[in-house]
Amino acid sequence: NNSTLRHPFERHKEVMPSQTAPSPIQPWFELVSIDGEITSAQWNASSIMLVALGVVLVAEGCLLPSRHKEFCVWAVAIFASCVHNLDNVLRPGVYWTPTWIARQYVAFPMEMGFLFWFGVMLIGVWSLHGTQRKAPAILFSAGCCVGLAHYIVQFPWNFGMLANATIMFEVLHPAVFHKSGDKSAFTLMICYSFVWGSTSPRCGGA
C-alpha cells in the first residue's frame, strides 16, 4: 500500500520524499538515499566528536600516570568508531540511514548517530579501565559491531567502497581489542541472516 510506505514521511518531515527510498530487504523501512546540504549544526557536531576523541586519546595516552598495556589497539578501535560515525553523521545517504535515525529531533540531522557514538566512546573508556570485568569490553565491542546493522536494511554491494571500509574498520578493531568482539559480530550476523530470511519478501518471507 503506497500510503503505508509513505507514512514515515509524515513523521519525519525533515527528510524529503525525493531523498528517500524503501529498503530492498525490509520494505517498511524508508532509507535516506540522497544527501542534502550539510548543515552548520552537523559540522559543529562533527567538530565536537573530533575534539572529544582528541581529549580522550591525549588523556589516556599522555596524561594518566600509567598507560594501559593495550592502549594502542584500543586507540585504533576508538578512532575507527569515530571515523565511521563521523562520516555517517555528515553523509547519512551514503550509508542508507533509516529516516527515523537521520531526522532532526531537536537541533540537527543525525542527532541519534551523534549521541550513539558518544555512548560507545564512554563505554570504550570504561572498557579500558574495567580490567577485572568483561562486561565493559563486551559492550564496547558490541557497540562498535552495531555498524553491521547497516546491512539489515540495504545490501552490502549497494554501499560505496569507502562506506563499507569504514563499517568494517569499526567492526574489526574492537574484535582485536577484545576477543568477545568476534562473538558479538558473529551474533549480529546471525541475527541479520534470520531477519533477512524470515521477513524479506525477496526470500519468501512474510
# chains A, B, ... in the order shown; residues from 1 in each chain; ligands from 1

$ residues_around --residues "Phe79 (chain A)" --least-positions-apart "4" --cutoff "8 Å" --atoms "only C-alpha atoms" --output "ChimeraX atom specification"
/A:53,75,83

$ residues_around --residues "Ile48 (chain A)" --least-positions-apart "3" --cutoff "12 Å" --atoms "only C-alpha atoms" --output "list of chain:residue names"
A:Ala41, A:Gln42, A:Trp43, A:Asn44, A:Ala45, A:Val51, A:Ala52, A:Leu53, A:Gly54, A:Val55, A:Cys82, A:Leu86, A:Val89, A:Phe114, A:Leu115, A:Trp117, A:Phe118

$ write_last_selection --atoms "C-alpha atoms" --output "PDB file, in the first residue's frame"
ATOM      1  CA  ALA A  41      24.968  22.131  13.137  1.00  0.00           C
ATOM      2  CA  GLN A  42      26.198  18.877  11.570  1.00  0.00           C
ATOM      3  CA  TRP A  43      29.632  20.419  11.067  1.00  0.00           C
ATOM      4  CA  ASN A  44      29.606  21.613  14.683  1.00  0.00           C
ATOM      5  CA  ALA A  45      28.605  18.160  15.909  1.00  0.00           C
ATOM      6  CA  VAL A  51      37.598  17.322  19.969  1.00  0.00           C
ATOM      7  CA  ALA A  52      36.187  14.650  22.284  1.00  0.00           C
ATOM      8  CA  LEU A  53      38.235  11.981  20.528  1.00  0.00           C
ATOM      9  CA  GLY A  54      41.372  14.097  20.860  1.00  0.00           C
ATOM     10  CA  VAL A  55      40.778  14.784  24.562  1.00  0.00           C
ATOM     11  CA  CYS A  82      34.797   7.848  15.256  1.00  0.00           C
ATOM     12  CA  LEU A  86      31.623  10.991  11.753  1.00  0.00           C
ATOM     13  CA  VAL A  89      26.643  11.992  10.631  1.00  0.00           C
ATOM     14  CA  PHE A 114      25.992  11.639  17.197  1.00  0.00           C
ATOM     15  CA  LEU A 115      24.694  10.596  20.635  1.00  0.00           C
ATOM     16  CA  TRP A 117      28.921   7.458  19.201  1.00  0.00           C
ATOM     17  CA  PHE A 118      29.402   9.327  22.477  1.00  0.00           C
TER      18      PHE A 118
END

$ residues_around --residues "Phe169 (chain A)" --least-positions-apart "2" --cutoff "8 Å" --atoms "only C-alpha atoms" --output "list in words"
Ala80, Ser81, His84, Ala165, Thr166, Ile167, Val171, Leu172 and His173 of chain A

$ closest_residue --among "A:Met49, A:Val153, A:Leu128, A:Ala59" --to "Gly113 (chain A)" --atoms "only C-alpha atoms"
A:Met49

$ select_by_dssp --residues "region 4-110 of chain A" --states "strand (DSSP E)" --output "mmCIF file with all heavy atoms, in the first residue's frame"
data_model
loop_
_atom_site.group_PDB
_atom_site.id
_atom_site.type_symbol
_atom_site.label_atom_id
_atom_site.label_comp_id
_atom_site.auth_asym_id
_atom_site.auth_seq_id
_atom_site.Cartn_x
_atom_site.Cartn_y
_atom_site.Cartn_z
ATOM 1 N N THR A 20 14.603 9.827 -0.318
ATOM 2 C CA THR A 20 14.474 8.541 0.352
ATOM 3 C C THR A 20 14.091 7.439 -0.617
ATOM 4 O O THR A 20 13.654 7.690 -1.741
ATOM 5 C CB THR A 20 13.411 8.603 1.469
ATOM 6 O OG1 THR A 20 12.128 8.842 0.881
ATOM 7 C CG2 THR A 20 13.719 9.725 2.455
ATOM 8 N N ALA A 21 14.274 6.195 -0.148
ATOM 9 C CA ALA A 21 13.891 5.015 -0.923
ATOM 10 C C ALA A 21 13.559 3.901 0.057
ATOM 11 O O ALA A 21 14.142 3.835 1.134
ATOM 12 C CB ALA A 21 15.035 4.588 -1.839
ATOM 13 N N PRO A 22 12.609 3.029 -0.293
ATOM 14 C CA PRO A 22 12.296 1.907 0.606
ATOM 15 C C PRO A 22 13.448 0.910 0.642
ATOM 16 O O PRO A 22 14.152 0.720 -0.347
ATOM 17 C CB PRO A 22 11.037 1.296 -0.014
ATOM 18 C CG PRO A 22 11.092 1.691 -1.447
ATOM 19 C CD PRO A 22 11.746 3.044 -1.477
ATOM 20 N N GLU A 30 12.106 3.217 5.484
ATOM 21 C CA GLU A 30 12.469 4.225 4.495
ATOM 22 C C GLU A 30 13.895 4.674 4.783
ATOM 23 O O GLU A 30 14.240 5.021 5.912
ATOM 24 C CB GLU A 30 11.510 5.421 4.567
ATOM 25 C CG GLU A 30 10.126 5.126 3.999
ATOM 26 C CD GLU A 30 10.149 4.900 2.489
ATOM 27 O OE1 GLU A 30 11.050 5.431 1.824
ATOM 28 O OE2 GLU A 30 9.263 4.187 1.991
ATOM 29 N N LEU A 31 14.724 4.668 3.747
ATOM 30 C CA LEU A 31 16.139 4.978 3.903
ATOM 31 C C LEU A 31 16.484 6.284 3.206
ATOM 32 O O LEU A 31 15.940 6.599 2.149
ATOM 33 C CB LEU A 31 16.997 3.861 3.302
ATOM 34 C CG LEU A 31 16.653 2.420 3.704
ATOM 35 C CD1 LEU A 31 17.586 1.459 2.987
ATOM 36 C CD2 LEU A 31 16.743 2.245 5.206
ATOM 37 N N VAL A 32 17.403 7.034 3.794
ATOM 38 C CA VAL A 32 17.930 8.224 3.132
ATOM 39 C C VAL A 32 18.845 7.744 2.013
ATOM 40 O O VAL A 32 19.803 7.005 2.246
ATOM 41 C CB VAL A 32 18.720 9.109 4.118
ATOM 42 C CG1 VAL A 32 19.315 10.309 3.386
ATOM 43 C CG2 VAL A 32 17.821 9.575 5.249
#

$ residues_around --residues "region 92-96 of chain A" --least-positions-apart "5" --cutoff "8 Å" --atoms "only C-alpha atoms" --output "PDB file with all heavy atoms, in the first residue's frame"
ATOM      1  N   LEU A  31      14.724   4.668   3.747  1.00  0.00           N
ATOM      2  CA  LEU A  31      16.139   4.978   3.903  1.00  0.00           C
ATOM      3  C   LEU A  31      16.484   6.284   3.206  1.00  0.00           C
ATOM      4  O   LEU A  31      15.940   6.599   2.149  1.00  0.00           O
ATOM      5  CB  LEU A  31      16.997   3.861   3.302  1.00  0.00           C
ATOM      6  CG  LEU A  31      16.653   2.420   3.704  1.00  0.00           C
ATOM      7  CD1 LEU A  31      17.586   1.459   2.987  1.00  0.00           C
ATOM      8  CD2 LEU A  31      16.743   2.245   5.206  1.00  0.00           C
ATOM      9  N   VAL A  32      17.403   7.034   3.794  1.00  0.00           N
ATOM     10  CA  VAL A  32      17.930   8.224   3.132  1.00  0.00           C
ATOM     11  C   VAL A  32      18.845   7.744   2.013  1.00  0.00           C
ATOM     12  O   VAL A  32      19.803   7.005   2.246  1.00  0.00           O
ATOM     13  CB  VAL A  32      18.720   9.109   4.118  1.00  0.00           C
ATOM     14  CG1 VAL A  32      19.315  10.309   3.386  1.00  0.00           C
ATOM     15  CG2 VAL A  32      17.821   9.575   5.249  1.00  0.00           C
ATOM     16  N   SER A  33      18.535   8.125   0.788  1.00  0.00           N
ATOM     17  CA  SER A  33      19.305   7.651  -0.364  1.00  0.00           C
ATOM     18  C   SER A  33      20.129   8.756  -1.007  1.00  0.00           C
ATOM     19  O   SER A  33      21.066   8.474  -1.754  1.00  0.00           O
ATOM     20  CB  SER A  33      18.369   7.039  -1.406  1.00  0.00           C
ATOM     21  OG  SER A  33      17.406   7.989  -1.839  1.00  0.00           O
ATOM     22  N   ILE A  34      19.779   9.991  -0.748  1.00  0.00           N
ATOM     23  CA  ILE A  34      20.500  11.137  -1.319  1.00  0.00           C
ATOM     24  C   ILE A  34      20.779  12.128  -0.197  1.00  0.00           C
ATOM     25  O   ILE A  34      19.881  12.484   0.566  1.00  0.00           O
ATOM     26  CB  ILE A  34      19.680  11.836  -2.417  1.00  0.00           C
ATOM     27  CG1 ILE A  34      19.353  10.857  -3.551  1.00  0.00           C
ATOM     28  CG2 ILE A  34      20.425  13.049  -2.967  1.00  0.00           C
ATOM     29  CD1 ILE A  34      18.421  11.442  -4.598  1.00  0.00           C
ATOM     30  N   ASP A  35      22.007  12.559  -0.081  1.00  0.00           N
ATOM     31  CA  ASP A  35      22.361  13.516   0.969  1.00  0.00           C
ATOM     32  C   ASP A  35      21.935  14.916   0.574  1.00  0.00           C
ATOM     33  O   ASP A  35      22.154  15.356  -0.557  1.00  0.00           O
ATOM     34  CB  ASP A  35      23.876  13.507   1.228  1.00  0.00           C
ATOM     35  CG  ASP A  35      24.303  12.273   1.998  1.00  0.00           C
ATOM     36  OD1 ASP A  35      23.579  11.885   2.926  1.00  0.00           O
ATOM     37  OD2 ASP A  35      25.352  11.699   1.660  1.00  0.00           O
ATOM     38  N   ASP A  87      31.554  10.137   9.500  1.00  0.00           N
ATOM     39  CA  ASP A  87      31.131  10.128   8.098  1.00  0.00           C
ATOM     40  C   ASP A  87      29.623   9.905   7.990  1.00  0.00           C
ATOM     41  O   ASP A  87      28.950  10.504   7.142  1.00  0.00           O
ATOM     42  CB  ASP A  87      31.884   9.034   7.341  1.00  0.00           C
ATOM     43  CG  ASP A  87      31.795   9.209   5.830  1.00  0.00           C
ATOM     44  OD1 ASP A  87      31.687  10.365   5.357  1.00  0.00           O
ATOM     45  OD2 ASP A  87      31.838   8.193   5.103  1.00  0.00           O
ATOM     46  N   ALA A 102      18.039   9.394  10.789  1.00  0.00           N
ATOM     47  CA  ALA A 102      18.622  10.555  10.108  1.00  0.00           C
ATOM     48  C   ALA A 102      17.910  11.867  10.430  1.00  0.00           C
ATOM     49  O   ALA A 102      18.496  12.933  10.286  1.00  0.00           O
ATOM     50  CB  ALA A 102      18.600  10.334   8.597  1.00  0.00           C
ATOM     51  N   MET A 110      20.758  13.687  12.110  1.00  0.00           N
ATOM     52  CA  MET A 110      21.654  12.639  12.592  1.00  0.00           C
ATOM     53  C   MET A 110      22.048  12.819  14.063  1.00  0.00           C
ATOM     54  O   MET A 110      23.124  12.392  14.486  1.00  0.00           O
ATOM     55  CB  MET A 110      22.911  12.561  11.715  1.00  0.00           C
ATOM     56  CG  MET A 110      22.695  11.873  10.379  1.00  0.00           C
ATOM     57  SD  MET A 110      22.161  10.126  10.533  1.00  0.00           S
ATOM     58  CE  MET A 110      23.561   9.382  11.337  1.00  0.00           C
ATOM     59  N   HIS A 150      23.785  -1.801   9.354  1.00  0.00           N
ATOM     60  CA  HIS A 150      23.565  -1.149   8.050  1.00  0.00           C
ATOM     61  C   HIS A 150      23.124  -2.182   7.013  1.00  0.00           C
ATOM     62  O   HIS A 150      22.335  -1.888   6.118  1.00  0.00           O
ATOM     63  CB  HIS A 150      24.851  -0.472   7.567  1.00  0.00           C
ATOM     64  CG  HIS A 150      25.179   0.801   8.281  1.00  0.00           C
ATOM     65  ND1 HIS A 150      24.420   1.943   8.147  1.00  0.00           N
ATOM     66  CD2 HIS A 150      26.194   1.118   9.123  1.00  0.00           C
ATOM     67  CE1 HIS A 150      24.960   2.923   8.878  1.00  0.00           C
ATOM     68  NE2 HIS A 150      26.024   2.437   9.479  1.00  0.00           N
ATOM     69  N   VAL A 153      19.263  -3.362   6.398  1.00  0.00           N
ATOM     70  CA  VAL A 153      18.299  -2.607   5.596  1.00  0.00           C
ATOM     71  C   VAL A 153      18.740  -2.380   4.150  1.00  0.00           C
ATOM     72  O   VAL A 153      17.939  -1.968   3.312  1.00  0.00           O
ATOM     73  CB  VAL A 153      17.983  -1.234   6.256  1.00  0.00           C
ATOM     74  CG1 VAL A 153      17.286  -1.437   7.585  1.00  0.00           C
ATOM     75  CG2 VAL A 153      19.247  -0.396   6.436  1.00  0.00           C
ATOM     76  N   GLN A 154      20.009  -2.645   3.853  1.00  0.00           N
ATOM     77  CA  GLN A 154      20.493  -2.459   2.488  1.00  0.00           C
ATOM     78  C   GLN A 154      21.603  -3.473   2.224  1.00  0.00           C
ATOM     79  O   GLN A 154      22.384  -3.807   3.106  1.00  0.00           O
ATOM     80  CB  GLN A 154      21.026  -1.035   2.288  1.00  0.00           C
ATOM     81  CG  GLN A 154      21.501  -0.707   0.891  1.00  0.00           C
ATOM     82  CD  GLN A 154      20.422  -0.895  -0.159  1.00  0.00           C
ATOM     83  OE1 GLN A 154      20.263  -1.997  -0.694  1.00  0.00           O
ATOM     84  NE2 GLN A 154      19.658   0.164  -0.464  1.00  0.00           N
ATOM     85  N   PHE A 159      26.482  -0.237  -1.045  1.00  0.00           N
ATOM     86  CA  PHE A 159      27.267   0.790  -0.362  1.00  0.00           C
ATOM     87  C   PHE A 159      28.532   1.050  -1.179  1.00  0.00           C
ATOM     88  O   PHE A 159      29.028   0.157  -1.872  1.00  0.00           O
ATOM     89  CB  PHE A 159      27.682   0.324   1.038  1.00  0.00           C
ATOM     90  CG  PHE A 159      26.552   0.214   2.022  1.00  0.00           C
ATOM     91  CD1 PHE A 159      25.683  -0.863   1.980  1.00  0.00           C
ATOM     92  CD2 PHE A 159      26.349   1.191   2.988  1.00  0.00           C
ATOM     93  CE1 PHE A 159      24.644  -0.974   2.889  1.00  0.00           C
ATOM     94  CE2 PHE A 159      25.312   1.093   3.897  1.00  0.00           C
ATOM     95  CZ  PHE A 159      24.449   0.007   3.840  1.00  0.00           C
ATOM     96  N   GLY A 160      29.046   2.255  -1.074  1.00  0.00           N
ATOM     97  CA  GLY A 160      30.302   2.549  -1.743  1.00  0.00           C
ATOM     98  C   GLY A 160      31.467   1.863  -1.043  1.00  0.00           C
ATOM     99  O   GLY A 160      31.352   1.376   0.080  1.00  0.00           O
ATOM    100  N   ALA A 163      32.277   3.557   2.322  1.00  0.00           N
ATOM    101  CA  ALA A 163      31.293   3.252   3.362  1.00  0.00           C
ATOM    102  C   ALA A 163      31.503   1.855   3.928  1.00  0.00           C
ATOM    103  O   ALA A 163      31.528   1.655   5.149  1.00  0.00           O
ATOM    104  CB  ALA A 163      29.875   3.404   2.811  1.00  0.00           C
TER     105      ALA A 163
END

$ residues_around --residues "region 119-125 of chain A" --least-positions-apart "2" --cutoff "8 Å" --atoms "only C-alpha atoms" --output "JSON, numbers by chain"
{"A": [78, 115, 116, 117, 127, 128, 129, 136, 137, 139, 140, 143, 144]}

$ atom_distance --atom1 "CA of Arg103 (chain A)" --atom2 "CA of Ser46 (chain A)"
16.2 Å

$ atom_distance --atom1 "CA of Ile101 (chain A)" --atom2 "CA of Ile38 (chain A)"
15.7 Å

$ select_by_dssp --residues "region 22-76 of chain A" --states "helix (DSSP H, G or I)" --output "PyMOL selection string"
chain A and resi 40-63+71-76

$ write_last_selection --atoms "C-alpha atoms" --output "short mmCIF file (atom, residue, chain, number, x, y, z; two decimals), in the first residue's frame"
data_model
loop_
_atom_site.label_atom_id
_atom_site.label_comp_id
_atom_site.auth_asym_id
_atom_site.auth_seq_id
_atom_site.Cartn_x
_atom_site.Cartn_y
_atom_site.Cartn_z
CA SER A 40 26.29 24.07 10.14
CA ALA A 41 24.97 22.13 13.14
CA GLN A 42 26.20 18.88 11.57
CA TRP A 43 29.63 20.42 11.07
CA ASN A 44 29.61 21.61 14.68
CA ALA A 45 28.60 18.16 15.91
CA SER A 46 31.44 16.64 13.88
CA SER A 47 33.88 19.12 15.39
CA ILE A 48 32.69 18.18 18.88
CA MET A 49 33.26 14.50 18.06
CA LEU A 50 36.82 15.19 16.92
CA VAL A 51 37.60 17.32 19.97
CA ALA A 52 36.19 14.65 22.28
CA LEU A 53 38.24 11.98 20.53
CA GLY A 54 41.37 14.10 20.86
CA VAL A 55 40.78 14.78 24.56
CA VAL A 56 40.21 11.09 25.33
CA LEU A 57 43.28 9.93 23.36
CA VAL A 58 45.56 12.56 24.91
CA ALA A 59 44.24 11.91 28.42
CA GLU A 60 44.56 8.13 28.13
CA GLY A 61 47.84 8.15 26.24
CA CYS A 62 49.77 11.00 27.83
CA LEU A 63 48.22 12.46 30.98
CA PHE A 71 46.18 1.36 24.73
CA CYS A 72 47.42 1.39 21.12
CA VAL A 73 44.97 -1.26 19.89
CA TRP A 74 42.18 0.38 21.91
CA ALA A 75 43.03 3.82 20.48
CA VAL A 76 42.73 2.48 16.92
#
